[in-house]
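The file structure.txt contains compact mmCIF, C-alpha atoms:
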# COMPACT_ATOMS: atom_id res chain seq x y z
CA MET D 24 -15.26 -22.67 -2.66
CA SER D 25 -15.08 -21.38 0.90
CA LEU D 26 -12.90 -19.33 3.19
CA CYS D 27 -11.31 -20.58 6.41
CA LYS D 28 -11.20 -19.54 10.06
CA HIS D 29 -7.88 -17.79 9.55
CA CYS D 30 -9.58 -15.50 7.01
CA VAL D 31 -11.34 -13.82 9.94
CA SER D 32 -8.59 -13.96 12.54
CA GLY D 33 -5.80 -11.59 13.42
CA VAL D 34 -5.41 -8.22 15.06
CA VAL D 35 -6.28 -4.61 14.29
CA HIS D 36 -3.10 -2.57 13.92
CA GLU D 37 -2.39 0.79 15.49
CA GLY D 38 -1.52 3.95 13.62
CA THR D 39 -2.91 7.08 12.01
CA PRO D 40 -3.93 6.83 8.34
CA GLU D 41 -2.53 9.60 6.17
CA GLY D 42 -4.53 9.08 2.98
CA LYS D 43 -7.90 10.37 1.85
CA TRP D 44 -11.15 8.95 0.51
CA GLU D 45 -12.28 9.77 -3.01
CA GLN D 46 -14.73 8.49 -5.58
CA ILE D 47 -12.93 6.90 -8.54
CA GLY D 48 -15.24 5.77 -11.30
CA GLY D 49 -18.06 5.94 -8.79
CA VAL D 50 -16.25 3.60 -6.37
CA ASN D 51 -15.27 4.87 -2.93
CA SER D 52 -11.50 4.42 -2.62
CA TYR D 53 -8.77 5.11 -0.10
CA ILE D 54 -5.89 6.96 -1.78
CA ALA D 55 -2.35 7.14 -0.42
CA THR D 56 -0.22 9.67 -2.28
CA PRO D 57 3.59 9.82 -1.99
CA THR D 58 5.06 12.99 -0.52
CA ILE D 59 8.17 12.41 -2.61
CA GLU D 60 8.50 12.61 -6.38
CA TYR D 61 6.76 9.65 -8.04
CA PRO D 62 5.72 8.54 -11.54
CA LYS D 63 2.30 9.99 -12.28
CA ASP D 64 1.44 7.34 -14.89
CA LYS D 65 1.76 4.34 -12.55
CA VAL D 66 -0.38 3.13 -9.69
CA VAL D 67 -0.60 0.28 -7.19
CA LEU D 68 -4.01 -1.24 -6.53
CA LEU D 69 -4.23 -2.71 -3.04
CA LEU D 70 -6.97 -5.34 -3.02
CA THR D 71 -8.03 -5.99 0.52
CA ASP D 72 -9.10 -8.99 2.49
CA VAL D 73 -12.73 -9.45 3.57
CA PHE D 74 -12.46 -6.52 6.01
CA GLY D 75 -12.22 -4.03 3.15
CA PRO D 76 -10.42 -0.71 3.00
CA GLN D 77 -12.33 0.42 6.09
CA LEU D 78 -10.00 -1.67 8.29
CA ILE D 79 -7.10 0.51 9.37
CA ASN D 80 -4.61 -2.27 8.60
CA SER D 81 -5.12 -1.88 4.86
CA GLN D 82 -5.00 1.90 5.06
CA LEU D 83 -1.67 1.77 6.88
CA LEU D 84 -0.31 -0.67 4.30
CA ALA D 85 -1.33 1.70 1.51
CA ASP D 86 0.38 4.57 3.32
CA SER D 87 3.54 2.48 3.55
CA PHE D 88 3.54 1.80 -0.20
CA ALA D 89 3.09 5.53 -0.78
CA LYS D 90 6.09 6.28 1.42
CA ASN D 91 8.07 4.06 -0.94
CA GLY D 92 7.05 6.15 -3.92
CA PHE D 93 3.92 4.41 -5.21
CA MET D 94 0.56 6.10 -5.63
CA THR D 95 -1.68 3.49 -4.00
CA ILE D 96 -5.42 3.05 -4.45
CA VAL D 97 -7.54 0.82 -2.21
CA PRO D 98 -10.91 0.39 -3.95
CA ASP D 99 -13.96 -0.53 -1.89
CA TYR D 100 -14.83 -3.40 -4.18
CA LEU D 101 -16.88 -4.93 -1.36
CA ILE D 102 -19.32 -2.04 -1.92
CA ASN D 103 -19.37 -0.82 1.68
CA ASP D 104 -20.23 -4.27 2.97
CA PRO D 105 -17.02 -5.63 4.51
CA ILE D 106 -16.90 -8.03 7.40
CA PRO D 107 -16.93 -5.85 10.54
CA PRO D 108 -13.73 -5.64 12.62
CA ASP D 109 -15.43 -7.15 15.66
CA ALA D 110 -15.50 -10.45 13.76
CA LEU D 111 -11.82 -10.63 14.76
CA ASN D 112 -12.80 -10.81 18.42
CA PRO D 113 -12.43 -14.19 20.14
CA GLY D 114 -15.70 -16.07 20.19
CA SER D 115 -17.19 -14.17 17.26
CA THR D 116 -20.06 -16.02 15.58
CA PHE D 117 -20.00 -14.02 12.35
CA ASP D 118 -21.48 -16.06 9.49
CA LEU D 119 -18.64 -16.07 6.99
CA GLY D 120 -20.39 -18.44 4.59
CA THR D 121 -23.44 -16.21 4.19
CA TRP D 122 -21.25 -13.14 3.68
CA LEU D 123 -19.25 -14.93 0.98
CA GLN D 124 -22.39 -15.89 -0.91
CA LYS D 125 -23.33 -12.19 -1.06
CA HIS D 126 -19.97 -11.19 -2.55
CA PRO D 127 -19.37 -13.29 -5.68
CA ALA D 128 -17.20 -12.00 -8.52
CA GLU D 129 -20.21 -10.73 -10.45
CA VAL D 130 -20.93 -8.36 -7.53
CA THR D 131 -17.39 -7.32 -6.63
CA ARG D 132 -15.38 -7.38 -9.86
CA PRO D 133 -17.28 -4.58 -11.69
CA ALA D 134 -16.02 -2.06 -9.12
CA LEU D 135 -12.43 -2.89 -9.99
CA ASN D 136 -13.14 -2.53 -13.70
CA LYS D 137 -14.66 0.91 -13.06
CA VAL D 138 -11.67 2.07 -11.01
CA ILE D 139 -9.16 0.89 -13.62
CA ALA D 140 -11.11 2.53 -16.45
CA ALA D 141 -11.34 5.83 -14.53
CA LEU D 142 -7.63 5.79 -13.71
CA LYS D 143 -6.77 5.21 -17.35
CA GLN D 144 -8.77 8.33 -18.18
CA ARG D 145 -6.59 10.19 -15.68
CA GLY D 146 -3.45 9.10 -17.53
CA ILE D 147 -2.45 5.95 -15.67
CA VAL D 148 -0.84 3.50 -18.11
CA ARG D 149 0.77 0.90 -15.84
CA PHE D 150 -0.90 -0.93 -12.98
CA ALA D 151 0.46 -3.16 -10.26
CA ALA D 152 -1.81 -5.01 -7.84
CA THR D 153 -1.12 -6.49 -4.44
CA GLY D 154 -3.86 -8.66 -2.94
CA TYR D 155 -4.33 -10.10 0.51
CA CYS D 156 -6.42 -13.20 1.21
CA PHE D 157 -9.75 -12.55 -0.59
CA GLY D 158 -8.02 -9.91 -2.70
CA GLY D 159 -5.48 -12.40 -4.01
CA ARG D 160 -8.17 -14.03 -6.12
CA TYR D 161 -8.73 -10.72 -7.90
CA VAL D 162 -5.02 -10.13 -8.51
CA PHE D 163 -5.03 -13.40 -10.45
CA ASP D 164 -8.16 -12.43 -12.36
CA LEU D 165 -6.89 -8.97 -13.31
CA ALA D 166 -3.53 -10.39 -14.41
CA ILE D 167 -5.15 -13.12 -16.48
CA ASP D 168 -7.38 -10.52 -18.14
CA GLY D 169 -4.35 -8.36 -18.96
CA LEU D 170 -5.50 -5.37 -16.89
CA ILE D 171 -2.40 -5.14 -14.67
CA GLN D 172 1.27 -5.29 -15.57
CA VAL D 173 2.67 -6.53 -12.23
CA ALA D 174 1.13 -8.92 -9.68
CA ALA D 175 1.82 -9.69 -6.03
CA THR D 176 -0.28 -11.56 -3.53
CA SER D 177 0.07 -12.65 0.06
CA HIS D 178 -1.68 -15.82 1.24
CA PRO D 179 -4.29 -15.76 -1.58
CA SER D 180 -7.73 -17.29 -1.08
CA LEU D 181 -10.28 -19.00 -3.32
CA LEU D 182 -7.86 -20.21 -5.97
CA LYS D 183 -8.44 -23.51 -7.73
CA ILE D 184 -5.22 -25.51 -7.70
CA PRO D 185 -3.72 -26.25 -10.17
CA GLU D 186 -6.26 -24.80 -12.62
CA ASP D 187 -5.82 -21.12 -11.74
CA LEU D 188 -2.03 -21.42 -11.65
CA GLU D 189 -2.00 -23.07 -15.06
CA LYS D 190 -4.38 -20.45 -16.45
CA TYR D 191 -2.20 -17.64 -15.14
CA HIS D 192 0.87 -19.25 -16.72
CA ALA D 193 -0.87 -19.61 -20.05
CA LEU D 194 -2.61 -16.23 -20.30
CA SER D 195 -0.88 -13.64 -18.12
CA ARG D 196 2.21 -11.59 -18.89
CA ALA D 197 2.40 -10.02 -15.42
CA PRO D 198 5.41 -10.99 -13.26
CA LEU D 199 4.10 -12.83 -10.22
CA LEU D 200 5.21 -12.63 -6.57
CA LEU D 201 3.71 -14.99 -3.98
CA ASN D 202 4.21 -14.37 -0.25
CA THR D 203 3.47 -17.64 1.51
CA CYS D 204 3.59 -19.32 4.91
CA PRO D 205 3.41 -22.83 6.41
CA THR D 206 -0.07 -22.62 7.98
CA ASP D 207 -2.49 -21.70 5.24
CA GLN D 208 -5.60 -23.72 4.44
CA GLN D 209 -6.33 -21.49 1.45
CA PHE D 210 -2.89 -21.77 -0.17
CA PRO D 211 -1.20 -24.67 1.64
CA PRO D 212 2.37 -25.90 1.17
CA GLU D 213 1.31 -28.41 -1.50
CA ALA D 214 -0.24 -25.57 -3.54
CA GLN D 215 2.93 -23.57 -3.07
CA THR D 216 4.98 -26.47 -4.41
CA THR D 217 2.64 -26.74 -7.38
CA ALA D 218 3.16 -23.04 -8.08
CA ASP D 219 6.92 -23.55 -8.06
CA ASP D 220 6.58 -26.51 -10.41
CA ILE D 221 4.61 -24.38 -12.87
CA PHE D 222 6.46 -21.05 -12.64
CA ALA D 223 9.92 -21.46 -11.13
CA HIS D 224 13.31 -22.12 -12.75
CA GLY D 225 12.61 -19.90 -15.74
CA LYS D 226 9.33 -21.58 -16.71
CA PHE D 227 7.48 -18.25 -16.62
CA ALA D 228 9.29 -15.70 -18.77
CA PRO D 229 7.74 -12.51 -17.32
CA GLY D 230 9.14 -13.34 -13.86
CA TYR D 231 8.26 -15.37 -10.77
CA ARG D 232 9.29 -15.32 -7.15
CA ARG D 233 7.89 -17.01 -4.05
CA GLU D 234 8.76 -15.93 -0.54
CA TYR D 235 8.14 -18.18 2.46
CA PHE D 236 7.85 -16.96 6.03
CA GLU D 237 8.29 -19.47 8.83
CA GLY D 238 6.12 -19.21 11.93
CA CYS D 239 3.34 -17.40 10.08
CA THR D 240 -0.32 -18.19 9.44
CA HIS D 241 -2.75 -17.17 6.68
CA GLY D 242 -3.41 -13.44 7.10
CA PHE D 243 0.02 -12.59 8.52
CA ALA D 244 0.86 -9.93 5.90
CA VAL D 245 -2.14 -7.75 6.75
CA ARG D 246 -3.57 -8.85 10.13
CA GLY D 247 -0.54 -10.39 11.81
CA ASP D 248 0.15 -9.96 15.53
CA MET D 249 3.06 -7.52 15.70
CA GLY D 250 3.80 -8.76 19.20
CA ASP D 251 4.95 -12.09 17.75
CA VAL D 252 8.55 -11.80 16.57
CA LEU D 253 8.19 -14.27 13.69
CA VAL D 254 4.91 -12.79 12.50
CA ARG D 255 6.32 -9.27 12.58
CA LYS D 256 9.31 -10.50 10.60
CA GLY D 257 6.96 -12.15 8.11
CA LYS D 258 4.72 -9.12 7.68
CA GLU D 259 7.67 -6.79 7.21
CA GLY D 260 9.36 -9.29 4.90
CA ALA D 261 6.28 -9.67 2.70
CA PHE D 262 5.93 -5.90 2.44
CA ARG D 263 9.59 -5.45 1.57
CA ALA D 264 9.44 -8.21 -1.05
CA THR D 265 6.40 -6.58 -2.64
CA VAL D 266 8.02 -3.15 -2.75
CA GLU D 267 11.14 -4.65 -4.34
CA TRP D 268 8.97 -6.48 -6.89
CA PHE D 269 7.19 -3.30 -7.88
CA ILE D 270 10.45 -1.35 -8.09
CA GLU D 271 11.84 -4.00 -10.44
CA TYR D 272 8.83 -4.50 -12.69
CA LEU D 273 6.43 -1.55 -12.47
Could you write out this file's structure as structure tokens?
Amino acid sequence: MSLCKHCVSGVVHEGTPEGKWEQIGGVNSYIATPTIEYPKDKVVLLLTDVFGPQLINSQLLADSFAKNGFMTIVPDYLINDPIPPDALNPGSTFDLGTWLQKHPAEVTRPALNKVIAALKQRGIVRFAATGYCFGGRYVFDLAIDGLIQVAATSHPSLLKIPEDLEKYHALSRAPLLLNTCPTDQQFPPEAQTTADDIFAHGKFAPGYRREYFEGCTHGFAVRGDMGDVLVRKGKEGAFRATVEWFIEYL
């Protein structure tokens, strides 16, 4: 499978990260801690796109989840080898295919297993995961393997349709939120309809919801142009839907 041009398009957001970096199970991770009272036995894993936790966009998202009362961990499961931010520049010739070949599941997934195991040793008993683009694939995998209790993903990449949807339905007990949009080569409208056919109308007992944001393109929930009114609305809407999902199920 491959990624698409929209996987390396978008803008770098502005802001000042408030979290810190820490080794968790030997994996460098960005940690956003709530300043309000929060449950110490629950955590949100934010699984980034191909730009990794080093991109400020993901750090700011983690900070926003923390402000809503969720301890949020952003593991560097790309092992300090993300796509550099300048790949977002117009005219970039970054070789996405070669990068993808260097980051298969057998290279990236072990880091997530280490982080989850280490957090369990610290007393975490319930995990939610929110994944963006490349990270959406891993939300599915963790949910299917029973390692997280709540799942959310925005414009997921690298899913096999309908096989991965059917596998999730058969094996996972994690309520599933999908944030989708009309222009998405990785999870196009026909895949979205297939997801509804499999999960919607009470067909998935743990819980299912799909949000749809007009005027948005793959990547909008993490790298969207905040100067575009519809994209801003979509990014904020996807974040709000995810927070509400975690409040309800985590």
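Distances from D:Phe157, D:Tyr61, D:Glu129, D:Lys183 to Pro105 (chain D) were compared using all atoms listed in the file, and the smallest one belongs to D:Phe157.
The coordinates place CA of Trp122 (chain D) at 14.3 Å from CA of Leu181 (chain D).
Residues of protein, DNA or RNA having at least one counted atom within 12 Å of (-21.2, 6.0, -11.8), given only C-alpha atoms, are Gln46, Ile47, Gly48, Gly49, Val50, Asn51, Pro133, Ala134, Asn136, Lys137, Val138, Ala140 and Ala141 of chain D.
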Q) So which residues are close to (-13.0, -6.2, 4.2), meaning at most 7 Å away in the file's coordinates with all atoms listed in the file counted, and can you show them as a PyMOL selection string? A) chain D and resi 71-78+101+105-106
Item to complete: Name all residues at most 9 Å from Phe88 (chain D) (count all atoms listed in the file; drop same-chain ones fewer than 6 positions away) and give them as a ChimeraX atom specification.
Response: /D:55-57,67,94-95,262,266
Given only C-alpha atoms as the basis, pick out the residue of D:Leu253, D:Val148, D:Leu182, D:Val245 nearest to Gln208 (chain D).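 Nearest to Gln208 (chain D): D:Leu182.
With only C-alpha atoms as the atoms that count, the residue of D:Ile221, D:Glu186, D:Ala264, D:Ile139 with the shortest distance to Leu200 (chain D) is D:Ala264.
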Select, from D:Ile270, D:Ala214, D:Pro185, D:Gln172, the residue with the minimum atom-to-atom distance to Pro229 (chain D), counting all atoms listed in the file.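 Checking each candidate against Pro229 (chain D), we get D:Gln172 as the closest.
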Min atom-atom distance to Asn80 (chain D) from the set D:Ala228, D:Leu273, D:Ala244, D:Ala218, counting only C-alpha atoms, belongs to D:Ala244
Interatomic distance, CA of Glu259 (chain D) to CA of Tyr161 (chain D) (Å, one decimal):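 Spanning CA of Glu259 (chain D) to CA of Tyr161 (chain D) is a straight-line distance of 22.6 Å.
Interatomic distance, CA of Ile54 (chain D) against CA of Ile96 (chain D): 4.8 Å.
Excluding Gly42 (chain D) itself and same-chain residues fewer than 2 positions from it, the residues having an atom within 9 Å of it are Pro40, Trp44, Tyr53, Ile54, Ala55, Thr56, Gln82, Leu83, Ala85 and Asp86 of chain D, counting only C-alpha atoms.
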Restricting to only C-alpha atoms, whichever of D:Thr39, D:Asn91, D:Thr116, D:Asn202 is closest to Cys239 (chain D) is D:Asn202
Got a sec: who's within 7 Å of Arg149 (chain D), counting only C-alpha atoms, leaving out chain neighbours fewer than 5 positions off, as a ChimeraX atom specification? /D:64-66,171-172
Write out as a PyMOL selection string the residues lying within 8 Å of Ser180 (chain D), counting only C-alpha atoms and excluding same-chain residues fewer than 4 positions away.
chain D and resi 26+156-160+209-210
Can I get region 85-96 of chain D with all heavy atoms filled in, as a JSON list (two decimals), keeping the file's coordinate frame?
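Result file result_10.json:
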[["chain", "number", "residue", "atom", "x", "y", "z"],
["D", 85, "ALA", "N", -1.34, 0.80, 2.66],
["D", 85, "ALA", "CA", -1.33, 1.70, 1.51],
["D", 85, "ALA", "C", -0.42, 2.89, 1.77],
["D", 85, "ALA", "O", 0.36, 3.30, 0.89],
["D", 85, "ALA", "CB", -2.76, 2.16, 1.21],
["D", 86, "ASP", "N", -0.49, 3.44, 2.97],
["D", 86, "ASP", "CA", 0.38, 4.57, 3.32],
["D", 86, "ASP", "C", 1.85, 4.17, 3.21],
["D", 86, "ASP", "O", 2.69, 4.97, 2.77],
["D", 86, "ASP", "CB", 0.08, 5.04, 4.74],
["D", 86, "ASP", "CG", -1.28, 5.71, 4.87],
["D", 86, "ASP", "OD1", -1.90, 6.04, 3.84],
["D", 86, "ASP", "OD2", -1.72, 5.89, 6.02],
["D", 87, "SER", "N", 2.15, 2.94, 3.61],
["D", 87, "SER", "CA", 3.54, 2.48, 3.55],
["D", 87, "SER", "C", 4.02, 2.35, 2.11],
["D", 87, "SER", "O", 5.17, 2.68, 1.80],
["D", 87, "SER", "CB", 3.68, 1.14, 4.28],
["D", 87, "SER", "OG", 3.43, 1.29, 5.66],
["D", 88, "PHE", "N", 3.16, 1.86, 1.22],
["D", 88, "PHE", "CA", 3.54, 1.80, -0.20],
["D", 88, "PHE", "C", 3.76, 3.21, -0.73],
["D", 88, "PHE", "O", 4.70, 3.44, -1.51],
["D", 88, "PHE", "CB", 2.46, 1.08, -1.02],
["D", 88, "PHE", "CG", 2.52, -0.42, -0.92],
["D", 88, "PHE", "CD1", 1.53, -1.13, -0.26],
["D", 88, "PHE", "CD2", 3.57, -1.12, -1.48],
["D", 88, "PHE", "CE1", 1.58, -2.52, -0.16],
["D", 88, "PHE", "CE2", 3.64, -2.51, -1.39],
["D", 88, "PHE", "CZ", 2.64, -3.21, -0.74],
["D", 89, "ALA", "N", 2.93, 4.16, -0.33],
["D", 89, "ALA", "CA", 3.09, 5.53, -0.78],
["D", 89, "ALA", "C", 4.42, 6.11, -0.31],
["D", 89, "ALA", "O", 5.09, 6.85, -1.05],
["D", 89, "ALA", "CB", 1.92, 6.39, -0.29],
["D", 90, "LYS", "N", 4.82, 5.78, 0.90],
["D", 90, "LYS", "CA", 6.09, 6.28, 1.42],
["D", 90, "LYS", "C", 7.27, 5.73, 0.63],
["D", 90, "LYS", "O", 8.37, 6.28, 0.69],
["D", 90, "LYS", "CB", 6.21, 5.92, 2.90],
["D", 90, "LYS", "CG", 5.25, 6.70, 3.78],
["D", 90, "LYS", "CD", 5.28, 6.23, 5.22],
["D", 90, "LYS", "CE", 4.27, 7.01, 6.07],
["D", 90, "LYS", "NZ", 4.19, 6.50, 7.46],
["D", 91, "ASN", "N", 7.03, 4.63, -0.09],
["D", 91, "ASN", "CA", 8.07, 4.06, -0.94],
["D", 91, "ASN", "C", 7.95, 4.52, -2.39],
["D", 91, "ASN", "O", 8.59, 3.97, -3.28],
["D", 91, "ASN", "CB", 8.03, 2.54, -0.86],
["D", 91, "ASN", "CG", 8.71, 2.01, 0.39],
["D", 91, "ASN", "OD1", 9.91, 1.75, 0.40],
["D", 91, "ASN", "ND2", 7.94, 1.85, 1.46],
["D", 92, "GLY", "N", 7.11, 5.53, -2.62],
["D", 92, "GLY", "CA", 7.05, 6.15, -3.92],
["D", 92, "GLY", "C", 5.98, 5.65, -4.87],
["D", 92, "GLY", "O", 6.03, 5.94, -6.08],
["D", 93, "PHE", "N", 4.97, 4.93, -4.36],
["D", 93, "PHE", "CA", 3.92, 4.41, -5.21],
["D", 93, "PHE", "C", 2.56, 5.03, -4.86],
["D", 93, "PHE", "O", 2.10, 4.88, -3.72],
["D", 93, "PHE", "CB", 3.80, 2.88, -5.07],
["D", 93, "PHE", "CG", 5.04, 2.13, -5.45],
["D", 93, "PHE", "CD1", 5.86, 1.60, -4.46],
["D", 93, "PHE", "CD2", 5.39, 1.94, -6.78],
["D", 93, "PHE", "CE1", 7.02, 0.90, -4.80],
["D", 93, "PHE", "CE2", 6.53, 1.24, -7.12],
["D", 93, "PHE", "CZ", 7.35, 0.72, -6.13],
["D", 94, "MET", "N", 1.96, 5.71, -5.82],
["D", 94, "MET", "CA", 0.56, 6.10, -5.63],
["D", 94, "MET", "C", -0.25, 4.83, -5.44],
["D", 94, "MET", "O", -0.19, 3.91, -6.27],
["D", 94, "MET", "CB", 0.05, 6.87, -6.85],
["D", 94, "MET", "CG", -1.46, 7.05, -6.90],
["D", 94, "MET", "SD", -2.07, 8.24, -5.72],
["D", 94, "MET", "CE", -1.77, 9.76, -6.63],
["D", 95, "THR", "N", -1.00, 4.74, -4.34],
["D", 95, "THR", "CA", -1.68, 3.49, -4.00],
["D", 95, "THR", "C", -3.16, 3.74, -3.80],
["D", 95, "THR", "O", -3.57, 4.63, -3.05],
["D", 95, "THR", "CB", -1.07, 2.88, -2.72],
["D", 95, "THR", "OG1", 0.35, 2.72, -2.92],
["D", 95, "THR", "CG2", -1.69, 1.53, -2.42],
["D", 96, "ILE", "N", -3.97, 2.94, -4.49],
["D", 96, "ILE", "CA", -5.42, 3.05, -4.45],
["D", 96, "ILE", "C", -5.99, 1.78, -3.82],
["D", 96, "ILE", "O", -5.63, 0.66, -4.21],
["D", 96, "ILE", "CB", -6.02, 3.20, -5.86],
["D", 96, "ILE", "CG1", -5.28, 4.29, -6.65],
["D", 96, "ILE", "CG2", -7.51, 3.44, -5.80],
["D", 96, "ILE", "CD1", -5.48, 5.68, -6.13]]
